$ cat my_file_19.cif   # mmCIF, C-alpha atoms, pLDDT in the B column; chains and numbers go by the auth columns
data_model
loop_
_atom_site.group_PDB
_atom_site.id
_atom_site.type_symbol
_atom_site.label_atom_id
_atom_site.label_comp_id
_atom_site.label_asym_id
_atom_site.label_seq_id
_atom_site.Cartn_x
_atom_site.Cartn_y
_atom_site.Cartn_z
_atom_site.B_iso_or_equiv
_atom_site.auth_seq_id
_atom_site.auth_asym_id
ATOM 1 C CA MET A 1 178.822 58.175 117.131 53.00 1 A
ATOM 2 C CA PRO A 2 181.388 58.903 114.548 56.00 2 A
ATOM 3 C CA GLU A 3 181.401 62.329 113.011 60.00 3 A
ATOM 4 C CA SER A 4 181.335 61.197 109.467 61.00 4 A
ATOM 5 C CA GLN A 5 177.894 59.676 109.647 62.00 5 A
ATOM 6 C CA PRO A 6 174.890 61.982 108.813 59.00 6 A
ATOM 7 C CA SER A 7 172.473 62.745 111.631 62.00 7 A
ATOM 8 C CA TRP A 8 169.028 61.628 110.577 60.00 8 A
ATOM 9 C CA PRO A 9 165.954 62.107 112.703 58.00 9 A
ATOM 10 C CA PRO A 10 164.956 59.020 114.607 58.00 10 A
ATOM 11 C CA ALA A 11 162.488 56.767 112.869 61.00 11 A
ATOM 12 C CA GLY A 12 158.805 57.391 113.615 58.00 12 A
ATOM 13 C CA GLY A 13 159.292 60.831 115.139 59.00 13 A
ATOM 14 C CA GLY A 14 160.311 64.155 113.820 60.00 14 A
ATOM 15 C CA TYR A 15 158.443 65.828 110.952 63.00 15 A
ATOM 16 C CA PRO A 16 154.604 65.896 110.872 63.00 16 A
ATOM 17 C CA PRO A 17 152.750 64.576 107.817 61.00 17 A
ATOM 18 C CA PRO A 18 151.675 67.173 105.211 60.00 18 A
ATOM 19 C CA ALA A 19 148.359 68.933 106.019 61.00 19 A
ATOM 20 C CA TYR A 20 145.244 68.147 103.946 57.00 20 A
ATOM 21 C CA PRO A 21 143.743 71.346 102.367 57.00 21 A
ATOM 22 C CA TYR A 22 140.380 70.852 104.105 52.00 22 A
ATOM 23 C CA PRO A 23 139.862 69.249 107.483 58.00 23 A
ATOM 24 C CA TYR A 24 136.992 67.185 106.088 58.00 24 A
ATOM 25 C CA PRO A 25 135.731 66.870 102.560 57.00 25 A
ATOM 26 C CA PRO A 26 132.740 69.221 101.994 56.00 26 A
ATOM 27 C CA ALA A 27 129.246 67.785 101.900 57.00 27 A
ATOM 28 C CA PRO A 28 127.561 67.644 98.476 57.00 28 A
ATOM 29 C CA GLY A 29 126.287 71.075 97.417 55.00 29 A
ATOM 30 C CA GLN A 30 128.460 72.904 99.967 55.00 30 A
ATOM 31 C CA TYR A 31 131.617 73.575 98.022 53.00 31 A
ATOM 32 C CA PRO A 32 133.369 76.806 98.999 55.00 32 A
ATOM 33 C CA GLY A 33 132.385 79.897 97.024 54.00 33 A
ATOM 34 C CA TYR A 34 128.860 78.745 96.155 53.00 34 A
ATOM 35 C CA GLY A 35 125.441 79.197 97.737 53.00 35 A
ATOM 36 C CA GLN A 36 123.857 82.098 99.599 53.00 36 A
ATOM 37 C CA PRO A 37 126.027 84.828 101.024 55.00 37 A
ATOM 38 C CA PRO A 38 126.264 84.631 104.803 54.00 38 A
ATOM 39 C CA GLY A 39 123.556 86.483 106.739 50.00 39 A
ATOM 40 C CA LEU A 40 120.898 86.596 104.014 52.00 40 A
ATOM 41 C CA SER A 41 119.080 83.450 105.087 56.00 41 A
ATOM 42 C CA ASN A 42 118.379 84.866 108.548 63.00 42 A
ATOM 43 C CA ALA A 43 117.598 88.441 107.493 64.00 43 A
ATOM 44 C CA PRO A 44 114.355 89.779 109.017 74.00 44 A
ATOM 45 C CA ARG A 45 111.384 89.860 106.662 79.00 45 A
ATOM 46 C CA ASN A 46 109.887 93.270 107.401 83.00 46 A
ATOM 47 C CA GLY A 47 107.890 93.693 104.195 89.00 47 A
ATOM 48 C CA MET A 48 104.429 93.049 105.655 91.00 48 A
ATOM 49 C CA GLY A 49 104.751 95.614 108.453 92.00 49 A
ATOM 50 C CA ILE A 50 106.103 98.275 106.125 93.00 50 A
ATOM 51 C CA ALA A 51 103.418 97.523 103.526 94.00 51 A
ATOM 52 C CA ALA A 52 100.738 97.766 106.226 95.00 52 A
ATOM 53 C CA LEU A 53 101.945 101.213 107.251 94.00 53 A
ATOM 54 C CA ILE A 54 102.139 102.510 103.669 95.00 54 A
ATOM 55 C CA VAL A 55 98.697 101.163 102.725 96.00 55 A
ATOM 56 C CA ALA A 56 97.210 102.535 105.968 96.00 56 A
ATOM 57 C CA ILE A 57 98.571 106.011 105.244 95.00 57 A
ATOM 58 C CA ALA A 58 97.117 105.814 101.723 95.00 58 A
ATOM 59 C CA GLY A 59 93.792 104.724 103.264 95.00 59 A
ATOM 60 C CA ILE A 60 93.731 107.709 105.599 94.00 60 A
ATOM 61 C CA VAL A 61 94.564 110.097 102.759 93.00 61 A
ATOM 62 C CA THR A 62 91.786 108.644 100.576 93.00 62 A
ATOM 63 C CA ALA A 63 89.209 108.152 103.352 91.00 63 A
ATOM 64 C CA LEU A 64 86.944 110.853 101.904 90.00 64 A
ATOM 65 C CA SER A 65 86.478 108.702 98.821 87.00 65 A
ATOM 66 C CA VAL A 66 84.907 106.040 101.084 82.00 66 A
ATOM 67 C CA VAL A 67 86.222 103.186 98.950 85.00 67 A
ATOM 68 C CA GLY A 68 89.816 104.247 99.578 88.00 68 A
ATOM 69 C CA GLY A 69 89.344 104.466 103.324 91.00 69 A
ATOM 70 C CA VAL A 70 87.414 101.251 103.795 94.00 70 A
ATOM 71 C CA VAL A 71 89.215 99.021 101.284 95.00 71 A
ATOM 72 C CA LEU A 72 92.762 100.274 101.844 96.00 72 A
ATOM 73 C CA GLY A 73 92.205 100.382 105.600 96.00 73 A
ATOM 74 C CA ALA A 74 91.031 96.763 105.638 96.00 74 A
ATOM 75 C CA VAL A 75 94.024 95.670 103.540 96.00 75 A
ATOM 76 C CA ALA A 76 96.356 97.527 105.931 96.00 76 A
ATOM 77 C CA VAL A 77 94.802 95.766 108.934 96.00 77 A
ATOM 78 C CA VAL A 78 95.330 92.330 107.345 96.00 78 A
ATOM 79 C CA LEU A 79 98.926 93.116 106.326 96.00 79 A
ATOM 80 C CA GLY A 80 99.649 94.522 109.782 95.00 80 A
ATOM 81 C CA ILE A 81 98.325 91.426 111.540 95.00 81 A
ATOM 82 C CA ILE A 82 100.491 89.201 109.325 94.00 82 A
ATOM 83 C CA GLY A 83 103.513 91.449 109.948 94.00 83 A
ATOM 84 C CA HIS A 84 102.903 91.455 113.705 93.00 84 A
ATOM 85 C CA GLY A 85 102.676 87.655 113.663 92.00 85 A
ATOM 86 C CA ARG A 86 106.054 87.469 111.929 91.00 86 A
ATOM 87 C CA ALA A 87 107.536 89.816 114.521 90.00 87 A
ATOM 88 C CA LYS A 88 106.185 87.676 117.377 91.00 88 A
ATOM 89 C CA ARG A 89 107.762 84.558 115.828 89.00 89 A
ATOM 90 C CA GLY A 90 111.090 86.375 115.446 88.00 90 A
ATOM 91 C CA GLU A 91 110.954 86.383 111.640 88.00 91 A
ATOM 92 C CA ALA A 92 110.779 90.198 111.552 88.00 92 A
ATOM 93 C CA ASP A 93 111.998 92.963 113.803 87.00 93 A
ATOM 94 C CA ASN A 94 109.432 95.673 113.057 88.00 94 A
ATOM 95 C CA GLY A 95 106.480 94.722 115.232 89.00 95 A
ATOM 96 C CA GLY A 96 105.867 98.370 116.116 92.00 96 A
ATOM 97 C CA VAL A 97 105.555 99.339 112.458 93.00 97 A
ATOM 98 C CA ALA A 98 103.067 96.505 111.911 94.00 98 A
ATOM 99 C CA ILE A 99 100.985 97.641 114.910 95.00 99 A
ATOM 100 C CA ALA A 100 101.038 101.217 113.592 95.00 100 A
ATOM 101 C CA GLY A 101 99.747 99.874 110.253 96.00 101 A
ATOM 102 C CA VAL A 102 96.906 98.050 112.026 96.00 102 A
ATOM 103 C CA VAL A 103 95.914 101.113 114.085 97.00 103 A
ATOM 104 C CA LEU A 104 96.039 103.531 111.143 96.00 104 A
ATOM 105 C CA GLY A 105 94.215 100.984 108.981 96.00 105 A
ATOM 106 C CA LEU A 106 91.405 100.802 111.534 97.00 106 A
ATOM 107 C CA LEU A 107 91.247 104.599 111.623 96.00 107 A
ATOM 108 C CA ALA A 108 90.996 104.666 107.812 96.00 108 A
ATOM 109 C CA VAL A 109 88.113 102.148 107.918 96.00 109 A
ATOM 110 C CA ILE A 110 86.308 104.170 110.600 95.00 110 A
ATOM 111 C CA ALA A 111 86.815 107.424 108.653 95.00 111 A
ATOM 112 C CA GLY A 112 85.548 105.810 105.449 94.00 112 A
ATOM 113 C CA ILE A 113 82.417 104.489 107.166 94.00 113 A
ATOM 114 C CA ALA A 114 81.824 107.861 108.828 94.00 114 A
ATOM 115 C CA CYS A 115 82.022 109.518 105.397 93.00 115 A
ATOM 116 C CA ILE A 116 79.310 107.165 104.151 91.00 116 A
ATOM 117 C CA PHE A 117 76.964 108.431 106.872 92.00 117 A
ATOM 118 C CA VAL A 118 77.890 112.050 106.153 92.00 118 A
ATOM 119 C CA TYR A 119 77.307 111.628 102.414 90.00 119 A
ATOM 120 C CA VAL A 120 73.963 109.891 102.954 90.00 120 A
ATOM 121 C CA GLY A 121 72.913 112.681 105.321 89.00 121 A
ATOM 122 C CA ILE A 122 73.846 115.359 102.800 86.00 122 A
ATOM 123 C CA PHE A 123 72.026 113.464 100.038 85.00 123 A
ATOM 124 C CA ARG A 124 68.861 113.225 102.142 86.00 124 A
ATOM 125 C CA THR A 125 69.074 116.873 103.215 84.00 125 A
ATOM 126 C CA ALA A 126 69.448 117.919 99.600 81.00 126 A
ATOM 127 C CA GLY A 127 66.268 116.058 98.642 82.00 127 A
ATOM 128 C CA GLY A 128 67.931 113.035 97.097 84.00 128 A
ATOM 129 C CA GLY A 129 65.103 110.700 98.114 86.00 129 A
ATOM 130 C CA ASP A 130 62.549 112.875 96.332 86.00 130 A
ATOM 131 C CA TYR A 131 64.809 113.007 93.278 87.00 131 A
ATOM 132 C CA ILE A 132 65.056 109.213 93.142 88.00 132 A
ATOM 133 C CA ASP A 133 61.257 108.879 93.499 88.00 133 A
ATOM 134 C CA CYS A 134 60.692 111.459 90.756 89.00 134 A
ATOM 135 C CA MET A 135 63.152 109.715 88.400 89.00 135 A
ATOM 136 C CA SER A 136 61.538 106.321 88.979 89.00 136 A
ATOM 137 C CA LYS A 137 58.091 107.794 88.197 89.00 137 A
ATOM 138 C CA ALA A 138 59.474 109.545 85.093 86.00 138 A
ATOM 139 C CA GLY A 139 60.603 106.242 83.639 88.00 139 A
ATOM 140 C CA SER A 140 62.270 106.684 80.257 88.00 140 A
ATOM 141 C CA ASP A 141 60.574 110.017 79.428 88.00 141 A
ATOM 142 C CA PRO A 142 63.423 112.540 78.945 89.00 142 A
ATOM 143 C CA ALA A 143 61.176 115.576 79.520 90.00 143 A
ATOM 144 C CA GLU A 144 60.016 114.236 82.895 90.00 144 A
ATOM 145 C CA GLN A 145 63.606 113.342 83.842 89.00 145 A
ATOM 146 C CA GLN A 146 64.697 116.882 82.998 91.00 146 A
ATOM 147 C CA GLN A 147 61.940 118.301 85.232 90.00 147 A
ATOM 148 C CA CYS A 148 63.109 116.055 88.103 88.00 148 A
ATOM 149 C CA THR A 149 66.660 117.274 87.632 88.00 149 A
ATOM 150 C CA GLU A 150 65.558 120.927 87.589 89.00 150 A
ATOM 151 C CA ARG A 151 63.483 120.489 90.776 88.00 151 A
ATOM 152 C CA PHE A 152 66.417 118.777 92.507 87.00 152 A
ATOM 153 C CA ARG A 153 68.799 121.560 91.446 86.00 153 A
ATOM 154 C CA GLU A 154 66.395 124.247 92.734 85.00 154 A
ATOM 155 C CA HIS A 155 65.915 122.437 96.043 83.00 155 A
ATOM 156 C CA PHE A 156 69.681 121.991 96.397 82.00 156 A
ATOM 157 C CA GLU A 157 70.379 125.659 95.673 82.00 157 A
ATOM 158 C CA ASN A 158 67.675 126.766 98.131 81.00 158 A
ATOM 159 C CA LYS A 159 69.130 124.525 100.821 79.00 159 A
ATOM 160 C CA PHE A 160 72.878 125.039 100.260 76.00 160 A
ATOM 161 C CA GLY A 161 73.159 128.115 98.063 75.00 161 A
ATOM 162 C CA SER A 162 74.071 128.465 94.414 69.00 162 A
ATOM 163 C CA ALA A 163 76.744 126.212 93.035 56.00 163 A
ATOM 164 C CA GLU A 164 77.887 128.918 90.635 61.00 164 A
ATOM 165 C CA ALA A 165 80.856 131.133 91.379 52.00 165 A
ATOM 166 C CA PRO A 166 79.914 134.728 92.208 53.00 166 A
ATOM 167 C CA ARG A 167 80.082 137.114 89.262 55.00 167 A
ATOM 168 C CA PHE A 168 81.915 140.384 89.680 52.00 168 A
ATOM 169 C CA GLN A 169 81.261 143.603 87.803 53.00 169 A
ATOM 170 C CA GLU A 170 84.284 145.035 86.048 53.00 170 A
ATOM 171 C CA SER A 171 85.138 148.531 87.190 53.00 171 A
ATOM 172 C CA HIS A 172 88.122 150.676 87.895 56.00 172 A
ATOM 173 C CA GLY A 173 87.597 150.486 91.626 54.00 173 A
ATOM 174 C CA PRO A 174 87.343 147.582 94.054 56.00 174 A
ATOM 175 C CA LEU A 175 85.526 144.422 93.047 55.00 175 A
ATOM 176 C CA ILE A 176 81.804 144.694 93.641 58.00 176 A
ATOM 177 C CA PRO A 177 79.505 141.682 93.413 57.00 177 A
ATOM 178 C CA ALA A 178 77.071 141.944 90.503 53.00 178 A
#
$ encode --input "my_file_19.cif" --output "structure tokens"
Amino acid sequence: MPESQPSWPPAGGGYPPPAYPYPYPPAPGQYPGYGQPPGLSNAPRNGMGIAALIVAIAGIVTALSVVGGVVLGAVAVVLGIIGHGRAKRGEADNGGVAIAGVVLGLLAVIAGIACIFVYVGIFRTAGGGDYIDCMSKAGSDPAEQQQCTERFREHFENKFGSAEAPRFQESHGPLIPA
């Protein structure tokens, strides 16, 4: 080959064609920069288990009010069962928290029901049945109702002691009950 001729690459070989910006065109609705951030669609949904535990703790704290223990405990049991089901299906990763909510919820229900029996026992011991009978016989007569209330108060004080705070005599020395 003479030196004066330019050296061109052989035809059909040599330089590759320019690269396309994307290997394949994106599917509709999947353009880059839009949609959910990665990882959020598969995030565990732990809300039910956590809610069960919180409601169960509130049920235990309010078990003496009966309604708090029974109602909140039952709600905690339901939330805990739903949360445990999610954990078993792999939708949540806090199965232990959900089980704790169920157990504490059951304890709150049991404590609330036990308080019902305690309160009924105290009411009967204090003469509550007699008070109800007396009030039903008194009807709408305010004087009779007042007598029923006075009898109930006397019976209660005889059984459990006075509901009043002890009075102390003022002196310069130690406190002495009046």
$ residues_around --input "my_file_19.cif" --residues "Ile82 (chain A)" --least-positions-apart "3" --cutoff "8 Å" --atoms "all atoms listed in the file" --output "ChimeraX atom specification"
/A:48-49,78-79,85-86
$ write_last_selection --input "my_file_19.cif" --atoms "C-alpha atoms" --output "mmCIF file, in the frame of the given file"
data_model
loop_
_atom_site.group_PDB
_atom_site.id
_atom_site.type_symbol
_atom_site.label_atom_id
_atom_site.label_comp_id
_atom_site.auth_asym_id
_atom_site.auth_seq_id
_atom_site.Cartn_x
_atom_site.Cartn_y
_atom_site.Cartn_z
ATOM 1 C CA MET A 48 104.429 93.049 105.655
ATOM 2 C CA GLY A 49 104.751 95.614 108.453
ATOM 3 C CA VAL A 78 95.330 92.330 107.345
ATOM 4 C CA LEU A 79 98.926 93.116 106.326
ATOM 5 C CA GLY A 85 102.676 87.655 113.663
ATOM 6 C CA ARG A 86 106.054 87.469 111.929
#
$ residues_around --input "my_file_19.cif" --residues "region 119-132 of chain A" --least-positions-apart "2" --cutoff "9 Å" --atoms "only C-alpha atoms" --output "list in words"
Ala114, Cys115, Ile116, Phe117, Cys134, Met135, Ser136, Lys137, Cys148, Thr149, Arg151, Phe152, Arg153, His155, Phe156, Glu157, Lys159 and Phe160 of chain A
$ closest_residue --input "my_file_19.cif" --among "A:Gly139, A:Asp133, A:Ser65, A:Pro44" --to "Gly90 (chain A)" --atoms "all atoms listed in the file"
A:Pro44
$ resolve_selection --input "my_file_19.cif" --expression "the PyMOL selection byres ((chain A and resi 92-106) around 12)" --output "ChimeraX atom specification"
/A:42-63,68-91,107-113
$ closest_residue --input "my_file_19.cif" --among "A:Val118, A:Gln145, A:Glu154, A:Ser140" --to "Leu64 (chain A)" --atoms "all atoms listed in the file"
A:Val118
